[in-house]
>>> print(open('protein.cif').read())   # mmCIF, C-alpha atoms and all ligand atoms
data_structure
loop_
_atom_site.label_atom_id
_atom_site.label_comp_id
_atom_site.auth_asym_id
_atom_site.auth_seq_id
_atom_site.Cartn_x
_atom_site.Cartn_y
_atom_site.Cartn_z
CA MET I 1 43.41 51.44 10.25
CA PRO I 2 42.98 50.69 13.95
CA ALA I 3 40.80 47.71 14.81
CA SER I 4 38.29 49.92 16.57
CA SER I 5 37.38 51.91 13.51
CA GLN I 6 37.21 48.80 11.40
CA GLN I 7 34.71 47.45 13.87
CA SER I 8 32.34 50.35 13.76
CA ASN I 9 32.78 51.28 10.13
CA GLN I 10 31.52 48.05 8.72
CA ALA I 11 28.74 49.82 6.86
CA SER I 12 30.93 52.52 5.31
CA THR I 13 34.53 52.28 4.24
CA LYS I 14 35.29 55.74 5.59
CA VAL I 15 37.78 56.09 8.43
CA ASN I 16 36.18 57.74 11.44
CA LEU I 17 38.89 60.22 12.46
CA LEU I 18 37.62 60.15 16.06
CA SER I 19 39.20 56.70 16.27
CA LEU I 20 42.69 58.10 15.73
CA ALA I 21 44.99 59.02 18.60
CA PRO I 22 47.40 61.86 17.69
CA GLN I 23 50.15 59.62 16.30
CA ASP I 24 47.60 57.52 14.39
CA MET I 25 46.25 60.73 12.85
CA ALA I 26 49.74 61.73 11.71
CA ASP I 27 50.30 58.23 10.26
CA TYR I 28 46.97 58.35 8.49
CA LEU I 29 47.82 61.69 6.89
CA VAL I 30 51.12 60.27 5.67
CA THR I 31 49.18 57.49 3.92
CA LEU I 32 47.32 60.27 2.11
CA GLY I 33 50.65 61.78 0.99
CA GLU I 34 50.48 64.63 3.51
CA LYS I 35 53.02 65.88 6.03
CA PRO I 36 52.43 64.45 9.52
CA PHE I 37 52.24 67.92 11.14
CA ARG I 38 48.89 68.45 9.43
CA ALA I 39 47.54 66.24 12.21
CA VAL I 40 47.80 69.18 14.62
CA GLN I 41 45.61 71.35 12.40
CA LEU I 42 43.08 68.60 11.98
CA LEU I 43 42.94 67.75 15.68
CA LYS I 44 42.39 71.42 16.56
CA TRP I 45 39.53 71.79 14.09
CA ILE I 46 37.88 68.71 15.46
CA TYR I 47 38.43 69.06 19.20
CA HIS I 48 38.97 72.78 19.82
CA HIS I 49 36.49 74.13 17.32
CA GLY I 50 34.04 71.23 17.10
CA VAL I 51 34.02 71.48 13.30
CA ARG I 52 32.60 68.38 11.62
CA ASP I 53 32.57 69.43 7.97
CA PHE I 54 36.02 69.13 6.38
CA ASN I 55 35.15 71.99 4.01
CA GLU I 56 35.05 74.39 6.95
CA MET I 57 38.66 73.61 7.90
CA LEU I 58 40.00 76.67 6.20
CA ASN I 59 43.75 76.41 6.80
CA ILE I 60 43.78 72.99 5.21
CA SER I 61 44.41 72.76 1.47
CA LYS I 62 41.42 72.31 -0.78
CA ASN I 63 42.87 69.05 -2.05
CA LEU I 64 43.17 67.54 1.41
CA ARG I 65 39.67 68.74 2.35
CA GLN I 66 38.38 66.98 -0.74
CA THR I 67 40.31 63.77 0.03
CA LEU I 68 39.06 63.76 3.61
CA THR I 69 35.48 64.32 2.52
CA GLU I 70 35.77 61.28 0.27
CA ASN I 71 37.66 58.99 2.64
CA ALA I 72 37.03 60.03 6.21
CA SER I 73 34.20 60.84 8.58
CA LEU I 74 33.68 62.45 11.98
CA GLU I 75 30.69 60.48 13.06
CA LEU I 76 29.39 60.98 16.61
CA PRO I 77 27.00 58.84 18.62
CA GLU I 78 23.47 60.09 18.02
CA LEU I 79 21.37 61.72 20.72
CA ILE I 80 18.32 59.63 21.61
CA SER I 81 17.22 61.61 24.64
CA GLU I 82 18.40 64.25 27.09
CA HIS I 83 17.47 64.13 30.77
CA PRO I 84 18.20 67.25 32.79
CA SER I 85 18.13 66.85 36.57
CA LYS I 86 16.89 69.43 39.08
CA ASP I 87 20.47 69.74 40.34
CA GLY I 88 21.93 70.67 36.93
CA THR I 89 23.21 67.20 36.08
CA VAL I 90 22.36 66.10 32.54
CA LYS I 91 22.19 62.54 31.30
CA TRP I 92 22.32 61.73 27.61
CA LEU I 93 21.20 58.47 26.10
CA LEU I 94 23.33 58.02 22.99
CA LYS I 95 22.79 55.65 20.12
CA LEU I 96 25.73 53.77 18.66
CA LYS I 97 25.99 52.59 15.08
CA CYS I 98 25.12 49.01 15.96
CA GLY I 99 21.82 50.13 17.48
CA ASN I 100 22.88 49.74 21.11
CA SER I 101 22.80 52.74 23.35
CA ILE I 102 24.95 54.03 26.18
CA GLU I 103 24.64 56.70 28.83
CA THR I 104 26.91 59.67 29.46
CA VAL I 105 26.46 62.12 32.33
CA PHE I 106 27.57 65.73 32.84
CA ILE I 107 27.81 66.95 36.43
CA PRO I 108 28.35 70.70 36.81
CA GLU I 109 29.74 72.11 40.05
CA THR I 110 30.83 75.61 40.99
CA GLU I 111 34.49 75.12 40.27
CA ARG I 112 34.39 72.34 37.72
CA GLY I 113 32.34 70.27 35.31
CA THR I 114 32.74 66.50 35.30
CA LEU I 115 31.81 64.24 32.44
CA CYS I 116 31.19 60.61 33.36
CA ILE I 117 31.71 58.37 30.34
CA SER I 118 31.16 54.71 29.53
CA SER I 119 33.82 52.31 28.25
CA GLN I 120 31.69 49.26 27.42
CA VAL I 121 28.13 48.46 26.43
CA GLY I 122 27.09 46.82 29.68
CA CYS I 123 29.60 45.13 31.95
CA THR I 124 30.87 41.62 32.62
CA LEU I 125 31.80 42.03 36.27
CA ASN I 126 28.45 41.53 37.91
CA CYS I 127 29.03 43.63 41.04
CA ARG I 128 26.03 42.83 43.24
CA PHE I 129 25.07 46.45 43.93
CA CYS I 130 25.34 47.80 40.38
CA SER I 131 22.41 48.15 38.03
CA THR I 132 24.61 48.04 34.92
CA ALA I 133 25.33 44.45 35.96
CA THR I 134 21.66 43.55 35.73
CA GLN I 135 21.76 44.36 32.01
CA GLY I 136 24.58 41.96 31.13
CA PHE I 137 27.30 42.68 28.59
CA ASN I 138 27.32 43.37 24.89
CA ARG I 139 30.73 44.63 23.79
CA ASN I 140 33.67 46.99 24.24
CA LEU I 141 33.29 50.51 22.96
CA ALA I 142 35.52 51.55 20.06
CA VAL I 143 37.87 54.53 20.48
CA GLU I 144 35.54 56.76 18.45
CA GLU I 145 32.63 55.80 20.69
CA ILE I 146 34.53 56.70 23.86
CA ILE I 147 35.85 59.93 22.38
CA GLY I 148 32.51 60.54 20.66
CA GLN I 149 30.81 60.84 24.07
CA ILE I 150 33.18 63.65 25.04
CA LEU I 151 33.00 65.49 21.74
CA PHE I 152 29.24 65.12 21.73
CA ALA I 153 29.07 66.68 25.21
CA VAL I 154 31.51 69.49 24.36
CA ILE I 155 29.45 70.46 21.31
CA ARG I 156 26.12 70.06 23.12
CA LEU I 157 27.26 72.26 26.01
CA GLY I 158 28.63 74.89 23.60
CA ILE I 159 32.18 75.11 22.25
CA PRO I 160 34.19 77.17 24.78
CA LYS I 161 35.49 80.52 23.53
CA SER I 162 38.81 80.01 25.31
CA ARG I 163 40.61 77.28 27.23
CA GLY I 164 39.65 79.00 30.49
CA ALA I 165 35.96 78.77 29.58
CA LYS I 166 35.88 74.99 29.33
CA LYS I 167 32.68 73.51 30.70
CA ILE I 168 34.15 70.02 30.93
CA THR I 169 37.18 70.25 33.20
CA ASN I 170 37.26 66.65 34.45
CA ILE I 171 36.56 63.28 32.91
CA VAL I 172 35.81 60.16 34.91
CA LEU I 173 35.65 56.69 33.39
CA MET I 174 32.93 55.68 35.82
CA GLY I 175 30.01 55.08 33.52
CA MET I 176 29.03 51.70 32.15
CA GLY I 177 31.73 49.07 31.92
CA GLU I 178 35.16 48.15 33.21
CA PRO I 179 37.69 50.37 31.41
CA LEU I 180 40.65 48.06 32.02
CA ILE I 181 38.93 45.23 30.16
CA ASN I 182 38.79 47.52 27.11
CA PHE I 183 42.43 48.48 27.64
CA ASP I 184 43.75 49.44 24.19
CA ASN I 185 40.76 51.50 23.13
CA VAL I 186 40.58 53.27 26.48
CA MET I 187 44.32 54.12 26.30
CA LYS I 188 43.95 55.67 22.85
CA ALA I 189 40.98 57.65 24.07
CA ILE I 190 42.96 58.84 27.10
CA GLU I 191 45.73 60.06 24.78
CA LEU I 192 43.17 62.31 23.12
CA MET I 193 41.81 63.50 26.47
CA LEU I 194 45.31 64.60 27.50
CA ASP I 195 46.67 65.90 24.19
CA ASP I 196 46.84 69.70 23.99
CA ASN I 197 45.66 69.63 20.41
CA ALA I 198 42.60 67.62 21.41
CA PHE I 199 40.87 67.97 24.82
CA GLY I 200 44.04 69.07 26.65
CA LEU I 201 43.06 67.96 30.16
CA SER I 202 45.68 67.50 32.84
CA LYS I 203 46.36 63.93 33.92
CA ARG I 204 45.02 64.71 37.37
CA ARG I 205 41.67 65.63 35.89
CA VAL I 206 41.17 62.34 34.11
CA THR I 207 40.21 59.50 36.44
CA LEU I 208 40.04 55.87 35.49
CA SER I 209 37.96 53.76 37.84
CA THR I 210 38.54 50.02 38.05
CA ALA I 211 37.02 47.20 40.04
CA GLY I 212 40.57 45.83 40.40
CA MET I 213 41.94 44.23 37.23
CA VAL I 214 45.34 43.58 38.77
CA PRO I 215 47.52 42.73 35.71
CA ALA I 216 46.00 45.64 33.81
CA ILE I 217 46.83 48.05 36.65
CA TYR I 218 50.53 47.13 36.23
CA LYS I 219 50.21 47.60 32.49
CA LEU I 220 48.46 50.91 33.06
CA SER I 221 51.38 52.24 35.06
CA GLU I 222 53.62 51.69 32.03
CA THR I 223 51.16 53.36 29.69
CA THR I 224 49.74 56.46 31.35
CA ASP I 225 49.62 58.40 34.60
CA VAL I 226 46.03 59.52 34.92
CA SER I 227 44.36 59.42 38.34
CA LEU I 228 43.37 55.98 39.51
CA ALA I 229 40.22 55.19 41.45
CA VAL I 230 39.66 51.67 42.73
CA SER I 231 36.28 50.26 43.67
CA LEU I 232 37.17 48.55 46.93
CA HIS I 233 33.82 48.44 48.77
CA ALA I 234 34.96 46.01 51.47
CA PRO I 235 37.87 45.71 53.92
CA ASN I 236 38.41 41.95 53.54
CA ASN I 237 38.32 39.21 50.91
CA GLU I 238 35.37 37.37 52.38
CA LEU I 239 33.00 40.31 51.99
CA ARG I 240 34.59 41.71 48.86
CA SER I 241 34.30 38.42 46.98
CA ARG I 242 30.60 38.42 47.82
CA ILE I 243 29.84 41.89 46.48
CA VAL I 244 32.57 42.31 43.83
CA PRO I 245 32.93 38.83 42.27
CA LEU I 246 36.14 39.91 40.50
CA ASN I 247 37.76 39.65 43.90
CA LYS I 248 37.65 35.87 43.62
CA LYS I 249 40.15 36.21 40.80
CA TYR I 250 42.21 39.17 42.02
CA LYS I 251 42.37 39.20 45.81
CA ILE I 252 42.95 42.22 48.02
CA GLU I 253 46.53 41.10 48.80
CA ASP I 254 47.30 41.27 45.04
CA LEU I 255 45.28 44.40 44.39
CA LEU I 256 46.94 46.62 47.01
CA PRO I 257 50.53 46.09 45.78
CA ALA I 258 49.39 46.82 42.21
CA CYS I 259 47.84 50.11 43.35
CA ARG I 260 50.87 50.99 45.41
CA HIS I 261 53.03 50.30 42.37
CA TYR I 262 50.85 52.58 40.25
CA ILE I 263 51.52 55.64 42.37
CA GLU I 264 55.08 54.76 43.45
CA SER I 265 56.80 56.73 40.73
CA LYS I 266 54.27 59.57 40.79
CA PRO I 267 55.04 62.09 43.51
CA HIS I 268 52.09 63.49 45.49
CA ARG I 269 49.61 61.12 43.92
CA LYS I 270 47.03 59.16 45.85
CA ILE I 271 44.76 56.26 45.07
CA THR I 272 41.09 57.12 45.40
CA TRP I 273 39.27 54.23 47.03
CA GLU I 274 35.60 54.02 46.24
CA TYR I 275 33.41 52.47 48.89
CA VAL I 276 29.68 52.15 48.28
CA MET I 277 27.75 52.39 51.55
CA LEU I 278 25.47 49.37 51.96
CA LYS I 279 23.34 49.28 55.07
CA GLY I 280 24.37 46.51 57.44
CA VAL I 281 26.71 44.98 54.85
CA ASN I 282 29.92 47.00 54.81
CA ASP I 283 29.13 50.07 56.94
CA LEU I 284 29.86 48.87 60.47
CA GLU I 285 32.30 50.67 62.74
CA GLU I 286 34.63 47.68 62.96
CA GLN I 287 34.72 47.57 59.17
CA ALA I 288 35.87 51.19 59.09
CA HIS I 289 38.70 50.31 61.49
CA GLU I 290 39.56 47.27 59.38
CA LEU I 291 39.67 49.44 56.27
CA ALA I 292 41.92 51.99 57.97
CA GLN I 293 44.28 49.19 58.95
CA LEU I 294 44.22 47.65 55.47
CA LEU I 295 45.23 50.85 53.66
CA LYS I 296 48.02 51.77 56.08
CA GLY I 297 51.03 53.15 54.26
CA ILE I 298 49.27 53.67 50.90
CA PRO I 299 48.76 57.33 49.95
CA SER I 300 44.97 57.29 49.83
CA LYS I 301 41.77 59.28 49.54
CA ILE I 302 38.51 57.60 50.34
CA ASN I 303 35.20 58.34 48.66
CA LEU I 304 32.20 56.93 50.44
CA ILE I 305 29.43 56.60 47.88
CA PRO I 306 25.84 56.53 49.12
CA PHE I 307 24.28 53.47 47.52
CA ASN I 308 21.88 54.37 44.73
CA GLN I 309 18.91 52.08 44.67
CA PHE I 310 17.47 50.50 41.56
CA PRO I 311 14.54 48.18 41.02
CA GLY I 312 15.14 44.64 42.22
CA THR I 313 18.17 45.36 44.39
CA GLU I 314 18.55 43.56 47.72
CA TYR I 315 20.54 46.45 49.23
CA GLU I 316 19.71 49.68 50.99
CA CYS I 317 21.82 52.77 51.49
CA SER I 318 23.43 53.23 54.91
CA SER I 319 21.89 55.87 57.15
CA THR I 320 23.45 59.32 57.22
CA ALA I 321 24.52 58.68 60.82
CA SER I 322 26.41 55.48 59.96
CA MET I 323 28.06 57.09 56.96
CA GLU I 324 29.18 59.98 59.17
CA ARG I 325 30.50 57.58 61.81
CA PHE I 326 32.33 55.55 59.18
CA ARG I 327 33.83 58.71 57.78
CA SER I 328 35.04 60.08 61.08
CA ILE I 329 36.82 56.81 61.93
CA LEU I 330 38.71 57.04 58.63
CA ILE I 331 39.46 60.72 59.11
CA ASN I 332 40.78 60.07 62.62
CA ALA I 333 43.00 57.37 61.13
CA GLY I 334 44.46 60.05 58.82
CA TYR I 335 42.64 59.42 55.52
CA PRO I 336 41.02 62.29 53.63
CA THR I 337 37.49 60.94 53.32
CA ILE I 338 34.38 62.40 51.76
CA ILE I 339 30.83 61.23 51.46
CA ARG I 340 30.20 61.77 47.78
CA LYS I 341 27.21 63.93 46.99
CA THR I 342 24.71 62.01 44.97
CA ARG I 343 23.91 63.85 41.77
CA GLY I 344 21.24 63.31 39.18
CA GLU I 345 19.33 60.80 41.27
CA ASP I 346 15.97 61.99 39.93
CA ILE I 347 17.06 61.03 36.39
CA ASP I 348 18.82 57.73 37.30
CA ALA I 349 22.18 59.25 36.42
CA ALA I 350 23.97 58.49 39.66
CA CYS I 351 26.76 55.92 40.09
CA GLY I 352 25.65 52.43 39.22
CA GLN I 353 22.37 53.57 37.71
CA LEU I 354 23.58 53.76 34.12
CA VAL I 355 22.11 51.06 31.98
CA GLY I 356 21.69 52.15 28.34
CA GLU I 357 19.66 49.87 26.11
CA PHE I 358 21.11 46.81 24.49
CA THR I 359 20.93 43.08 24.16
CA ASP I 360 23.17 40.99 26.35
CA ARG I 361 25.29 39.10 23.85
CA THR I 362 26.29 36.33 26.18
CA ARG I 363 22.76 35.54 27.23
CA ARG I 364 21.57 35.91 23.64
CA GLN I 365 24.24 33.48 22.47
CA GLN I 366 23.08 31.02 25.09
CA ARG I 367 19.51 31.37 23.94
CA LEU I 368 20.53 30.96 20.31
CA SER I 369 22.44 27.79 21.02
CA VAL I 370 19.35 26.19 22.56
CA PRO I 371 17.75 23.88 19.95
CA LYS I 372 14.74 25.60 18.49
CA VAL I 373 11.83 23.63 19.85
CA ALA I 374 9.48 26.51 20.13
CA PRO I 375 10.22 30.07 19.06
CA ARG I 376 11.08 32.43 21.91
CA SER I 377 10.60 36.13 21.71
CA GLU I 378 13.71 38.31 22.02
CA SER I 379 12.94 40.95 24.54
N1 LIG I 401 33.96 49.20 36.50
C1 LIG I 401 34.49 50.38 37.08
C2 LIG I 401 33.78 51.67 36.69
C3 LIG I 401 32.28 51.69 36.66
S1 LIG I 401 31.39 51.79 38.16
C4 LIG I 401 34.57 50.23 38.58
O1 LIG I 401 34.08 49.24 39.10
O2 LIG I 401 35.17 51.07 39.23
C5 LIG I 401 31.74 53.35 38.85
C6 LIG I 401 31.56 53.41 40.36
O3 LIG I 401 30.17 53.36 40.75
C7 LIG I 401 32.21 52.22 41.04
O4 LIG I 401 32.89 52.59 42.20
C8 LIG I 401 31.02 51.38 41.38
O5 LIG I 401 31.32 50.45 42.35
C9 LIG I 401 30.01 52.42 41.79
N2 LIG I 401 28.64 51.92 41.83
C10 LIG I 401 28.10 50.93 41.10
N3 LIG I 401 26.81 50.75 41.41
C11 LIG I 401 26.50 51.63 42.37
C12 LIG I 401 25.30 51.95 43.07
N4 LIG I 401 24.16 51.31 42.86
N5 LIG I 401 25.36 52.95 43.98
C13 LIG I 401 26.50 53.62 44.19
N6 LIG I 401 27.65 53.38 43.54
C14 LIG I 401 27.66 52.39 42.65
#
>>> encode(input="protein.cif", output="structure tokens", more="lines below")
Ligand code: SAH
Amino acid sequence: MPASSQQSNQASTKVNLLSLAPQDMADYLVTLGEKPFRAVQLLKWIYHHGVRDFNEMLNISKNLRQTLTENASLELPELISEHPSKDGTVKWLLKLKCGNSIETVFIPETERGTLCISSQVGCTLNCRFCSTATQGFNRNLAVEEIIGQILFAVIRLGIPKSRGAKKITNIVLMGMGEPLINFDNVMKAIELMLDDNAFGLSKRRVTLSTAGMVPAIYKLSETTDVSLAVSLHAPNNELRSRIVPLNKKYKIEDLLPACRHYIESKPHRKITWEYVMLKGVNDLEEQAHELAQLLKGIPSKINLIPFNQFPGTEYECSSTASMERFRSILINAGYPTIIRKTRGEDIDAACGQLVGEFTDRTRRQQRLSVPKVAPRSES
């Protein structure tokens, strides 16, 4: 059984089948004395039809249905609350088995529907402009918790009648957490996103966003070829180290070759650079020129993200005029550049506003290790 399902199945001994990538599913069926090809049938029932009761899986033998009922589960995160935005975006607060909660966001557009999913409960990276950072970190999500967000959303939005009627056409790993720190679980989840018998998305429609975990980007290029977005946010080390502390460990001169390497063997692919627009911090004209110079020779797209405010932040969003100026300098330098539309702002579902509800483990550990002189309340 994969580590992830062991982790979240402490209470029950049942295997959560959502933790199993296609090959793991085939292997699991073999342990039950079944032929591995049964995995295809099972995956289709789960992911194409959204069926969660083994007894409804009619082309599966009665014996196997019985065995699965006794030994396996298809447990999803539980809905705590649903927040629909005026613009059609929906945010779900989902409860995990351990009692923590995470946020998942669906963003419908005319031509596509994007689901933004989380990969960790909280985040360790502490980017200065991100509200997830203010919450601290609790743990990595298990495969079934990553996949569970997608299956939850697919079922909630209504199982599509045909492949062409899919409501979720794109998945972005841009919710809470740093996906490359939860590498193995995220890779298994990606396998299910891409597998035709599961979610069947094309690799271009799955985007992994990283703050720049350099060794993991090299490893990623050996493992998968989904789209890569990199949170750059600054054109030089001095500024980047201030707002993305991870840059102190992995500097821009190491990050860029890793990104270049990622797309080298993938024709027509580009890196998407994310750049949050912070008034007076990283939005000056000379910084746009510096950025253009920095990315020279790397097939690139640039997404300028209007900064989303949250309580207690020291930053403000750049003015529309400075964002437009910044954009036109990059466009003139030959980079396709967009100012990303902010969606779901009225429900705190925009980039960097996802927080969930959980206890920061690290801080809690610190508190617990303090000798108990007087009791402190856990808030
Ligand atoms: N850890 C990953 C993915 C999560 S953050 C990463 O860093 O890429 C997803 C995107 O939202 C990142 O580009 C992040 O920098 C951006 N973001 C974070 N806080 C934001 C905020 N307050 N306003 C706008 N974008 C923000």
>>> closest_atom_pairs(input="protein.cif", of="stretch 84-103 of chain I", to="stretch 128-149 of chain I", cutoff="10 Å", atoms="only C-alpha atoms", output="Markdown table")
| residue | atom | partner | partner_atom | distance |
| --- | --- | --- | --- | --- |
| I:Trp92 | CA | I:Gln149 | CA | 9.2 |
| I:Leu94 | CA | I:Gln149 | CA | 8.1 |
| I:Lys95 | CA | I:Glu145 | CA | 9.9 |
| I:Leu96 | CA | I:Glu145 | CA | 7.5 |
| I:Lys97 | CA | I:Glu145 | CA | 9.3 |
| I:Asn100 | CA | I:Asn138 | CA | 8.6 |
| I:Ile102 | CA | I:Gln149 | CA | 9.2 |
| I:Glu103 | CA | I:Gln149 | CA | 8.8 |
>>> residues_near_ligand(input="protein.cif", ligand="ligand LIG 401 (chain I)", cutoff="7 Å", atoms="all atoms listed in the file", output="list in words")
Phe129, Cys130, Ser131, Leu173, Met174, Gly175, Met176, Gly177, Glu178, Pro179, Ser209, Thr210, Ala211, Ala229, Val230, Ser231, Glu274, Tyr275, Val276, Ile305, Pro306, Phe307, Asn308, Gln309, Phe310, Cys351, Gly352 and Gln353 of chain I
>>> closest_residue(input="protein.cif", among="I:Glu78, I:Arg38, I:Cys116, I:Ser202", to="I:Asn59", atoms="only C-alpha atoms")
I:Arg38
>>> atom_distance(input="protein.cif", atom1="atom CA of I:Ala292", atom2="atom CA of I:Arg112")
29.7 Å
>>> closest_residue(input="protein.cif", among="I:Leu228, I:Leu76, I:Ile347, I:Ala21", to="I:Val90", atoms="only C-alpha atoms")
I:Ile347
>>> build_atoms(input="protein.cif", residues="stretch 291-305 of chain I", atoms="N, CA, C and O atoms", output="short mmCIF file (atom, residue, chain, number, x, y, z; two decimals), in the coordinates of the input")
data_model
loop_
_atom_site.label_atom_id
_atom_site.label_comp_id
_atom_site.auth_asym_id
_atom_site.auth_seq_id
_atom_site.Cartn_x
_atom_site.Cartn_y
_atom_site.Cartn_z
N LEU I 291 39.28 48.76 57.51
CA LEU I 291 39.67 49.44 56.27
C LEU I 291 40.89 50.34 56.52
O LEU I 291 41.85 50.36 55.74
N ALA I 292 40.82 51.08 57.63
CA ALA I 292 41.92 51.99 57.97
C ALA I 292 43.22 51.20 58.11
O ALA I 292 44.28 51.61 57.63
N GLN I 293 43.11 50.04 58.73
CA GLN I 293 44.28 49.19 58.95
C GLN I 293 44.81 48.66 57.60
O GLN I 293 46.01 48.67 57.33
N LEU I 294 43.88 48.25 56.77
CA LEU I 294 44.22 47.65 55.47
C LEU I 294 45.03 48.61 54.58
O LEU I 294 45.97 48.21 53.91
N LEU I 295 44.63 49.89 54.61
CA LEU I 295 45.23 50.85 53.66
C LEU I 295 46.47 51.54 54.24
O LEU I 295 47.05 52.41 53.58
N LYS I 296 46.86 51.15 55.41
CA LYS I 296 48.02 51.77 56.08
C LYS I 296 49.22 51.83 55.15
O LYS I 296 49.57 50.82 54.53
N GLY I 297 49.80 53.02 55.04
CA GLY I 297 51.03 53.15 54.26
C GLY I 297 50.79 53.42 52.78
O GLY I 297 51.72 53.70 52.04
N ILE I 298 49.54 53.34 52.32
CA ILE I 298 49.27 53.67 50.90
C ILE I 298 48.70 55.09 50.84
O ILE I 298 47.69 55.37 51.50
N PRO I 299 49.34 55.98 50.07
CA PRO I 299 48.76 57.33 49.95
C PRO I 299 47.34 57.22 49.37
O PRO I 299 47.16 56.75 48.25
N SER I 300 46.37 57.61 50.18
CA SER I 300 44.97 57.29 49.83
C SER I 300 44.02 58.45 50.06
O SER I 300 44.22 59.28 50.96
N LYS I 301 42.96 58.47 49.26
CA LYS I 301 41.77 59.28 49.54
C LYS I 301 40.62 58.31 49.53
O LYS I 301 40.65 57.35 48.73
N ILE I 302 39.63 58.54 50.34
CA ILE I 302 38.51 57.60 50.34
C ILE I 302 37.22 58.33 49.99
O ILE I 302 36.92 59.38 50.58
N ASN I 303 36.52 57.80 49.00
CA ASN I 303 35.20 58.34 48.66
C ASN I 303 34.12 57.35 49.09
O ASN I 303 34.05 56.24 48.55
N LEU I 304 33.33 57.77 50.05
CA LEU I 304 32.20 56.93 50.44
C LEU I 304 31.04 57.31 49.52
O LEU I 304 30.69 58.49 49.40
N ILE I 305 30.49 56.31 48.85
CA ILE I 305 29.43 56.60 47.88
C ILE I 305 28.09 56.09 48.43
O ILE I 305 27.94 54.88 48.63
#
